[in-house]
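Structure below is coords-v5.txt: compact mmCIF, C-alpha atoms.
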```txt
# COMPACT_ATOMS: atom_id res chain seq x y z
CA MET H 1 1.41 -40.73 31.94
CA ASN H 2 1.56 -41.69 28.25
CA LYS H 3 -1.37 -44.10 28.67
CA MET H 4 -3.51 -41.36 30.23
CA THR H 5 -6.27 -39.83 28.12
CA PHE H 6 -6.52 -36.08 27.76
CA GLU H 7 -9.61 -36.06 29.96
CA GLU H 8 -7.90 -38.10 32.68
CA ALA H 9 -4.87 -35.81 32.62
CA VAL H 10 -7.03 -32.68 32.88
CA LYS H 11 -8.97 -34.20 35.79
CA LYS H 12 -5.74 -35.06 37.62
CA LEU H 13 -4.37 -31.59 36.90
CA ASP H 14 -7.54 -30.05 38.31
CA GLU H 15 -7.21 -32.19 41.45
CA MET H 16 -3.63 -31.01 41.87
CA VAL H 17 -4.68 -27.37 41.52
CA GLN H 18 -7.36 -27.92 44.15
CA SER H 19 -4.75 -29.44 46.50
CA PHE H 20 -3.10 -26.02 46.77
CA ASN H 21 -6.20 -24.87 48.68
CA ASN H 22 -5.33 -27.43 51.38
CA THR H 23 -3.71 -25.50 54.22
CA ASP H 24 -2.18 -28.74 55.55
CA LEU H 25 -0.08 -29.14 52.41
CA THR H 26 3.62 -29.05 53.24
CA LEU H 27 6.04 -27.02 51.18
CA ASP H 28 7.69 -30.21 49.90
CA ASP H 29 4.34 -31.62 48.84
CA ALA H 30 3.41 -28.33 47.19
CA VAL H 31 6.65 -28.38 45.19
CA LYS H 32 6.05 -32.02 44.18
CA ASN H 33 2.48 -31.20 43.14
CA TYR H 34 3.68 -28.19 41.16
CA GLU H 35 6.29 -30.28 39.36
CA GLU H 36 3.78 -33.03 38.59
CA GLY H 37 1.24 -30.42 37.52
CA MET H 38 3.67 -28.86 35.08
CA LYS H 39 4.38 -32.28 33.57
CA LEU H 40 0.64 -32.87 33.20
CA TYR H 41 0.23 -29.41 31.65
CA LYS H 42 2.94 -30.17 29.07
CA TYR H 43 1.39 -33.58 28.36
CA CYS H 44 -2.03 -31.99 27.79
CA LYS H 45 -0.54 -29.20 25.68
CA ASP H 46 1.25 -31.76 23.50
CA LEU H 47 -1.98 -33.73 23.02
CA VAL H 48 -3.85 -30.57 22.00
CA GLU H 49 -1.10 -29.62 19.54
CA LYS H 50 -1.22 -33.10 17.99
CA ALA H 51 -4.99 -32.83 17.62
CA GLU H 52 -4.68 -29.37 16.05
CA ASN H 53 -2.11 -30.68 13.57
CA LYS H 54 -4.39 -33.57 12.70
CA PHE H 55 -7.31 -31.19 12.10
CA GLU H 56 -5.11 -29.06 9.84
CA THR H 57 -3.93 -32.11 7.91
CA ILE H 58 -7.47 -33.35 7.42
CA GLY H 59 -8.56 -29.87 6.32
CA GLU H 60 -5.75 -29.67 3.78
CA GLU H 61 -6.57 -33.12 2.42
CA LEU H 62 -10.18 -32.10 1.83
CA LYS H 63 -9.32 -28.99 -0.21
```
Spell out the structure here as structure tokens.
Amino acid sequence: MNKMTFEEAVKKLDEMVQSFNNTDLTLDDAVKNYEEGMKLYKYCKDLVEKAENKFETIGEELK
């Protein structure tokens, strides 16, 4: 997952969310998808936080 771009991770997360609309999804698969989705969410959140910190640092340097 660490090599995945933010955009790739969001796309995969969206696909996982859409999979919950599949009525053929077993409970085990739903749990696996949920777990994977939460990992992707955390990965995306961490990337956004890093970007925010970088923006703040750049802003402070330009003052």
Exercise for review: Take atom CA of H:Lys12 and atom CA of H:Asp28 and report the distance between them in Å, one decimal.
Suggested key: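 Those two atoms sit 18.8 Å apart.
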Review point. Can you tell me, as a ChimeraX atom specification, what residues are no more than 12 Å from stretch 36-51 of chain H when counting only C-alpha atoms, ignoring any on the same chain fewer than 6 positions away?
Key: /H:1-20,29-30,57-58
Exercise for review: Work out how far apart atom CA of H:Asn33 and atom CA of H:Asn21 are and give it in Å to one decimal.
Suggested key: 12.1 Å
